[in-house]
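S.K.: Here it is, the structure, as structure tokens.
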Amino acid sequence: MLFHDLPFSSLSEKFRAVALRLPRGKLLYKLIVVFMGLSIVPVILAGFTLIRVSDSTIQKESRGVKMGIAQKVAGNVSGYVDNVKNILQVVHKSSDFLTMDRRRQNVILSNVMNAYPMFMRMAVVDLSGREIAAVNRLGGGSARERQGNAQALRSIGSLGDYISPVSRSREGYPRITIGVPIERIPGRPVGILLGVVNLVDLSSLIKDLVIGRRGYVYIVDMKKSQLVAHPDVQSLLSSTPPSEVAAALLSPAETGAGAIEFTDQGGHQFLNTYATVPIPRLNWRVFVQQPTEEAYEASSRMRFRITSLLIGVVLVTLVLAVFLSNVIVKRVKTLQGAMELVGEGHFDVPEVPSSNDEFGALTEKFLWMAHSLRDKTLRLLSAQTELQQWNSELESRVQERTRDLREAQERLIAQEKLAALGQMASVVGHELRNPLAVMNNSVYFLKTKLVGAAGKTGLDPKLDKHLHILETEIVKSNAIIRDVLDFSRNRALNASLHNMDELAEKAIERIQFPAGVALQKSLGLNGTRVMVDEDEIRQVLVNLMENACQAMTSGGTLAVGTRAQGDMIQIDIADTGCGIPQEHLNKIFAPFFTTKSRGTGLGLAVVKKIIERHHGAIDVQSRVGEGTVFSIRLPVHQPVEGQTA
């Protein structure tokens with residue numbers, strides 16, 4: 001439709017009727033209100049909804065992480081008690097111990113107490129309740145301890161073992177008594193073996209747990225309302241119940257795990273997550289306590305960022321609303337002036353004869369104003385298009401900021417999970433080494449006894465084979481624990497200048513090459529020295545070479561090469577093995593990913609971590625059926641932490 005085809009007479013009348021009803025000079029404010037209502041109100045509502053959802057999600061995740069720590073510690077405490085039972089089981093099953101000879105039993109009990117400082121007293125009680133043998137770390141046993149023998153006999157008769165309630169030593173340390181039956185024939189006890197255990201080791205166990213800056217773990221006996229373990233020994237020895245006990249009593253008795261929030265007498269707010277130790281007779285609970293503002297610190301930071309973003313969006317929108325409203329109002333006023341001058345005519349004014357008098361001048365002025373009004377209208381349409389583009393750009397920027405915020409939130413949650421995973425891996429690794437050490441000692445003890453009993457005839461080959469299997473599996477288990485601890489540990493680098501060709505030679509010397517695997521060396525650094533941690537770089541090279549040998553099950557060639565590239569050196573380790581499928585290449589450095597039937601999946605994760613700690617990079621290229629090449633690049637002059645001359 002052309003300009004001259006529009007019904008401008010009717011439009012002009014309607015416009016004038018509407019203009020007469022509106023207050024003069026208020027269009028600017030009305031446009032600002034409309035812009036604010038259409039743009040800012042939805043953004044604010046979306047922002048507050050995002051804040052509420054983020055708060056709920058982050059706080060729930062924080063409580064879940066700390067509840068997981070409490071459950072893990074509860075499992076470790078249960079394992080600690082089971083470990084004590086296992087020690088007593090190993091002791092009473094000794095052939096010398098089953099003789100019920102007091103002198104032999106005293107010797108064995110003394111040796112056990114010297115090997116395990118956790119035991120404060122050990123005693124052997126017959127079925128009449130009389131102590132046959134007893135060894136005490138500090139003086140003789142109290143009358144109260146001897147009176148508990150009858151209760152232990154009844155418990156073992158009905159439950160098969162005995163765990164006493166928590167009591168206090170003369171120094172104030174918590175302790176429990178654990179008993180197991182002494183049986184020559186299964187199901188027919190001839191006595192019981194009792195061990196009084198000092199629980200101070202539990203405080204040492206939880207003392208090293210890091211829960212933020214001010215959080216910590218403690219254990220409460222819910223039945224007696226007293227501390228069992230606490231990082232602060234003075235709180236453990238206090239005669240008056242500390243505030244942690246009062247907080248623990250607020251947790252519901254019917255739930256095994258959960259979270260509570262409370263305020264102490266000083267007005268400080270705390271978050272407590274708890275988990276019940278899975279030993280019903282003890283009725284212990286593990287609590288993870290942390291100040292509320294620290295526990296929900298990530299939520300507070302997220303709330304502050306979203307609020308800041310909302311304020312910025314509101315301010316920017318307000319400025320744009322004022323600016324755009326001014327532009328529109330000015331152009332509306334220009335259009336209004338043109339319409340008042342042109343009247344009810346058309347934009348395309350028909351040809352009018354001109355004259356040299358005042359009428360001709362007015363006609364020329366009228367034509368000029370008509371053309372001017374048309375130009376103003378075209379500019380207004382252009383401004384509307386530009387306004388739409390600005391609105392689209394604003395929406396795009398809001399979406400981009402929202403996406404960045406969501407990615408930051410996901411990275412934060414991933415970091416917290418990884419930190420919790422590192423803490424749990426460290427705890428599990430340290431706790432598993434103790435039972436493995438006990439198993440290793442037991443294997444050594446059995447092997448010594450069996451060899452001595454066999455005499456000149458020699459040890460039974462089947463027994464020797466199975467003992468060797470036990471020793472091998474213990475070594476493999478320790479290696480797995482070492483991988484987990486290496487991955488979770490973050491010690492300072494002990495860097496110094498080393499000849500990388502010599503380090504490669506030392507790593508090669510540690511490799512046991514399978515039959516059919518040939519070595520091809522191409523060491524071309526010519527004495528170049530690099531600032532690295534020798535132990536860690538050697539570990540990287542050994543891991544990659546061993547993986548390469550394992551990939552060549554039918555034989556092949558292991559190629560090790562070094563070369564300089566400007567201010568970097570490159571180490572290539574190539575094999576002609578089975579190769580890595582393309583879909584696995586982007587996962588091989590991820591923790592716990594493995595395609596082997598056995599293994600932790602931490603070898604390449606540790607390798608990548610070490611290389612990145614040295615400010616280097618590692619790449620892999622592989623073809624299935626042809627082989628794999630790992631390329632390591634390290635800076636020559638890059639200083640690293642802990643470097644030595």
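Residue numbering restarts at 1 for every chain of the structure tokens, chains are lettered A, B, ... in their displayed order, and ligands are numbered from 1 as they appear.
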Quick one: residues within 12 Å of Tyr218 (chain A), only C-alpha atoms, excluding same-chain residues fewer than 6 positions away - as a ChimeraX atom specification?

M.R.: /A:69-70,73-74,77,202-209,211,226-233,235-236,242-245,247-248,272-275,284-290

S.K.: List as a tab-separated table (two decimals) with N, CA and C atoms, in the first residue's frame the protein and nucleic acid residues near Leu310 (chain A), meaning an atom at most 12 Å away when only C-alpha atoms are counted, but skip any in the same chain fewer than 2 places from it.

M.R.:
```
chain	number	residue	atom	x	y	z
A	39	SER	N	9.96	-5.39	30.34
A	39	SER	CA	11.31	-5.96	30.31
A	39	SER	C	11.86	-6.28	31.69
A	40	ILE	N	11.73	-5.33	32.63
A	40	ILE	CA	12.40	-5.52	33.93
A	40	ILE	C	11.64	-6.49	34.82
A	41	VAL	N	10.30	-6.38	34.88
A	41	VAL	CA	9.53	-7.24	35.78
A	41	VAL	C	9.76	-8.73	35.48
A	42	PRO	N	9.69	-9.21	34.22
A	42	PRO	CA	9.99	-10.64	33.98
A	42	PRO	C	11.41	-11.03	34.37
A	43	VAL	N	12.38	-10.11	34.12
A	43	VAL	CA	13.77	-10.42	34.49
A	43	VAL	C	13.90	-10.57	36.00
A	44	ILE	N	13.24	-9.67	36.76
A	44	ILE	CA	13.32	-9.74	38.22
A	44	ILE	C	12.67	-11.03	38.72
A	45	LEU	N	11.49	-11.36	38.19
A	45	LEU	CA	10.83	-12.60	38.61
A	45	LEU	C	11.68	-13.82	38.29
A	46	ALA	N	12.26	-13.84	37.09
A	46	ALA	CA	13.13	-14.97	36.73
A	46	ALA	C	14.36	-15.00	37.63
A	47	GLY	N	14.91	-13.83	37.97
A	47	GLY	CA	16.09	-13.78	38.84
A	47	GLY	C	15.80	-14.31	40.22
A	48	PHE	N	14.68	-13.88	40.81
A	48	PHE	CA	14.34	-14.36	42.15
A	48	PHE	C	14.05	-15.86	42.14
A	49	THR	N	13.41	-16.33	41.07
A	49	THR	CA	13.18	-17.77	40.96
A	49	THR	C	14.50	-18.52	40.86
A	50	LEU	N	15.44	-17.98	40.07
A	50	LEU	CA	16.76	-18.60	39.94
A	50	LEU	C	17.50	-18.60	41.27
A	51	ILE	N	17.39	-17.50	42.04
A	51	ILE	CA	18.05	-17.43	43.35
A	51	ILE	C	17.48	-18.50	44.27
A	303	ARG	N	24.02	-16.21	45.34
A	303	ARG	CA	22.94	-15.23	45.52
A	303	ARG	C	23.45	-13.82	45.24
A	304	PHE	N	24.68	-13.52	45.72
A	304	PHE	CA	25.24	-12.19	45.50
A	304	PHE	C	25.48	-11.93	44.01
A	305	ARG	N	25.98	-12.94	43.31
A	305	ARG	CA	26.25	-12.75	41.87
A	305	ARG	C	24.96	-12.55	41.09
A	306	ILE	N	23.95	-13.36	41.41
A	306	ILE	CA	22.69	-13.21	40.68
A	306	ILE	C	22.06	-11.86	40.97
A	307	THR	N	22.11	-11.44	42.27
A	307	THR	CA	21.54	-10.14	42.63
A	307	THR	C	22.27	-9.01	41.92
A	308	SER	N	23.60	-9.10	41.87
A	308	SER	CA	24.38	-8.07	41.18
A	308	SER	C	24.02	-8.02	39.71
A	312	GLY	N	22.34	-4.91	37.68
A	312	GLY	CA	22.93	-4.39	36.45
A	312	GLY	C	21.94	-4.38	35.30
A	313	VAL	N	21.17	-5.49	35.18
A	313	VAL	CA	20.16	-5.56	34.11
A	313	VAL	C	19.10	-4.47	34.29
A	314	VAL	N	18.66	-4.25	35.55
A	314	VAL	CA	17.65	-3.23	35.81
A	314	VAL	C	18.17	-1.85	35.42
A	315	LEU	N	19.42	-1.55	35.82
A	315	LEU	CA	19.98	-0.24	35.51
A	315	LEU	C	20.12	-0.04	34.00
A	316	VAL	N	20.65	-1.07	33.32
A	316	VAL	CA	20.82	-0.96	31.87
A	316	VAL	C	19.46	-0.80	31.19
A	317	THR	N	18.47	-1.58	31.65
A	317	THR	CA	17.13	-1.48	31.05
A	317	THR	C	16.51	-0.12	31.29
A	398	VAL	N	21.24	-11.54	27.85
A	398	VAL	CA	20.70	-12.13	29.08
A	398	VAL	C	20.84	-13.65	29.04
A	401	ARG	N	24.50	-14.53	29.62
A	401	ARG	CA	24.89	-14.41	31.04
A	401	ARG	C	24.29	-15.55	31.87
A	402	THR	N	23.05	-15.92	31.57
A	402	THR	CA	22.42	-17.03	32.29
A	402	THR	C	23.16	-18.34	32.03
```

S.K.: Can you tell me, as an MDAnalysis selection string, what residues are no more than 8 Å from region 625-629 of chain A when counting only C-alpha atoms, ignoring any on the same chain fewer than 2 positions away?

M.R.: chainID A and resid 548 572:580 620:623 631

S.K.: Go ahead and write the selection's residues with N, CA, C and O atoms as a short mmCIF file (atom, residue, chain, number, x, y, z; two decimals), in the first residue's frame.

M.R.:
```cif
data_model
loop_
_atom_site.label_atom_id
_atom_site.label_comp_id
_atom_site.auth_asym_id
_atom_site.auth_seq_id
_atom_site.Cartn_x
_atom_site.Cartn_y
_atom_site.Cartn_z
N ALA A 548 52.41 -49.67 27.61
CA ALA A 548 52.74 -50.03 26.24
C ALA A 548 53.09 -51.52 26.14
O ALA A 548 52.64 -52.21 25.22
N ASP A 572 58.48 -39.05 23.34
CA ASP A 572 57.50 -39.89 22.65
C ASP A 572 57.69 -41.33 23.10
O ASP A 572 58.81 -41.87 23.09
N ILE A 573 56.58 -41.98 23.50
CA ILE A 573 56.57 -43.40 23.87
C ILE A 573 55.54 -44.08 22.98
O ILE A 573 54.34 -43.83 23.10
N ALA A 574 56.02 -44.92 22.07
CA ALA A 574 55.15 -45.54 21.06
C ALA A 574 55.23 -47.05 21.18
O ALA A 574 56.26 -47.62 21.56
N ASP A 575 54.11 -47.70 20.87
CA ASP A 575 54.07 -49.16 20.84
C ASP A 575 53.35 -49.61 19.59
O ASP A 575 52.66 -48.82 18.91
N THR A 576 53.50 -50.88 19.27
CA THR A 576 52.83 -51.47 18.11
C THR A 576 51.77 -52.45 18.58
O THR A 576 51.59 -53.52 17.99
N GLY A 577 51.07 -52.08 19.67
CA GLY A 577 50.09 -52.98 20.27
C GLY A 577 48.72 -52.89 19.64
O GLY A 577 48.55 -52.50 18.48
N CYS A 578 47.73 -53.20 20.48
CA CYS A 578 46.35 -53.31 19.98
C CYS A 578 45.71 -51.97 19.69
O CYS A 578 44.71 -51.89 18.97
N GLY A 579 46.23 -50.86 20.26
CA GLY A 579 45.64 -49.54 20.02
C GLY A 579 44.45 -49.27 20.92
O GLY A 579 43.97 -50.13 21.66
N ILE A 580 43.97 -48.03 20.86
CA ILE A 580 42.85 -47.58 21.70
C ILE A 580 41.69 -47.19 20.79
O ILE A 580 41.88 -46.41 19.85
N VAL A 620 47.82 -37.99 22.94
CA VAL A 620 47.83 -39.39 22.56
C VAL A 620 47.25 -39.52 21.16
O VAL A 620 46.29 -38.84 20.80
N GLN A 621 47.89 -40.37 20.35
CA GLN A 621 47.40 -40.73 19.03
C GLN A 621 47.40 -42.25 18.94
O GLN A 621 48.38 -42.89 19.35
N SER A 622 46.31 -42.81 18.44
CA SER A 622 46.22 -44.27 18.42
C SER A 622 45.33 -44.73 17.28
O SER A 622 44.38 -44.04 16.89
N ARG A 623 45.67 -45.88 16.74
CA ARG A 623 44.86 -46.58 15.74
C ARG A 623 44.69 -48.03 16.19
O ARG A 623 45.68 -48.68 16.55
N SER A 631 52.75 -38.51 23.61
CA SER A 631 53.73 -37.44 23.45
C SER A 631 53.64 -36.50 24.63
O SER A 631 52.59 -35.94 24.92
#
```

S.K.: Which is closer to Ala259 (chain A) than all the others in A:Ile176, A:Val65, A:Leu405, A:Leu436, using only C-alpha atoms?

M.R.: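 Looking only at the distances to Ala259 (chain A), the closest residue turns out to be A:Val65.
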
S.K.: Please list as a CSV table (one decimal) with N, CA and C atoms, in the first residue's frame every residue within 9 Å of Leu282 (chain A), counting only C-alpha atoms and excluding residues in the same chain fewer than 3 positions away.

M.R.:
```
chain,number,residue,atom,x,y,z
A,163,ILE,N,30.3,-56.5,73.5
A,163,ILE,CA,30.8,-55.1,73.4
A,163,ILE,C,30.2,-54.3,74.5
A,164,SER,N,31.0,-53.8,75.4
A,164,SER,CA,30.5,-53.1,76.6
A,164,SER,C,30.1,-51.6,76.2
A,165,PRO,N,29.3,-51.0,77.1
A,165,PRO,CA,29.0,-49.6,76.9
A,165,PRO,C,30.3,-48.8,77.1
A,166,VAL,N,30.3,-47.5,76.7
A,166,VAL,CA,31.5,-46.7,76.8
A,166,VAL,C,31.7,-46.3,78.3
A,221,ASP,N,28.1,-40.8,72.1
A,221,ASP,CA,27.4,-41.9,72.6
A,221,ASP,C,26.0,-41.4,72.9
A,222,MET,N,25.0,-41.7,72.1
A,222,MET,CA,23.7,-41.1,72.3
A,222,MET,C,23.0,-41.7,73.6
A,223,LYS,N,23.4,-42.9,73.9
A,223,LYS,CA,22.8,-43.5,75.1
A,223,LYS,C,23.2,-42.9,76.4
A,277,VAL,N,26.5,-45.0,63.6
A,277,VAL,CA,27.5,-46.1,63.4
A,277,VAL,C,26.7,-47.4,63.4
A,278,PRO,N,26.9,-48.2,62.3
A,278,PRO,CA,26.1,-49.4,62.2
A,278,PRO,C,26.5,-50.6,63.1
A,279,ILE,N,26.5,-50.2,64.4
A,279,ILE,CA,26.7,-51.2,65.5
A,279,ILE,C,25.6,-51.0,66.5
```

S.K.: For region 102-119 of chain A, list every protein, DNA or RNA residue within 6 Å, evaluated using only C-alpha atoms, and leave out those in the same chain fewer than 6 positions away; present the list as a PyMOL selection string.

M.R.: chain A and resi 133+196-198

S.K.: Deliver the residues from the most recent selection as a file, using N, CA, C and O atoms, as a short mmCIF file (atom, residue, chain, number, x, y, z; two decimals), in the first residue's frame.

M.R.:
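Produced file again-v2.cif, reproduced below:
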```cif
data_model
loop_
_atom_site.label_atom_id
_atom_site.label_comp_id
_atom_site.auth_asym_id
_atom_site.auth_seq_id
_atom_site.Cartn_x
_atom_site.Cartn_y
_atom_site.Cartn_z
N ALA A 133 44.14 -65.43 83.10
CA ALA A 133 45.32 -64.63 82.76
C ALA A 133 44.87 -63.21 82.49
O ALA A 133 43.78 -62.98 81.98
N VAL A 196 40.28 -54.42 76.68
CA VAL A 196 39.82 -53.07 76.99
C VAL A 196 40.53 -52.13 76.01
O VAL A 196 41.76 -52.05 76.01
N VAL A 197 39.76 -51.43 75.17
CA VAL A 197 40.31 -50.62 74.07
C VAL A 197 40.17 -49.15 74.41
O VAL A 197 39.07 -48.67 74.74
N ASN A 198 41.29 -48.43 74.33
CA ASN A 198 41.27 -46.97 74.49
C ASN A 198 40.83 -46.36 73.16
O ASN A 198 41.42 -46.61 72.11
#
```

S.K.: Leaving out Lys85 (chain A) and any residue of its chain fewer than 6 positions from it, which residues lie within 12 Å of it when counting only C-alpha atoms, given as a list in words?

M.R.: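 That gives Ser78, Gly79, Val91, His92, Phe119, Gly160, Asp161, Tyr162, Ile163, Thr177, Ile178, Gly179, Val180, Pro181, Leu193, Leu194, Gly195, Val196, Val197 and Pro435 of chain A.
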
S.K.: Which one is closest to Arg168 (chain A): A:Val210, A:Ala298, A:Lys224, A:Ile185? Count only C-alpha atoms.

M.R.: A:Lys224

S.K.: Hey, which of A:Asn526, A:Pro635, A:Arg130, A:Ser554 ends up closest to Asp567 (chain A)? Count only C-alpha atoms.

M.R.: A:Pro635

S.K.: Hey, can you check how far CA of Gly524 (chain A) sits from CA of Ile569 (chain A)?

M.R.: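 Result for CA of Gly524 (chain A) versus CA of Ile569 (chain A): 10.0 Å, one decimal.
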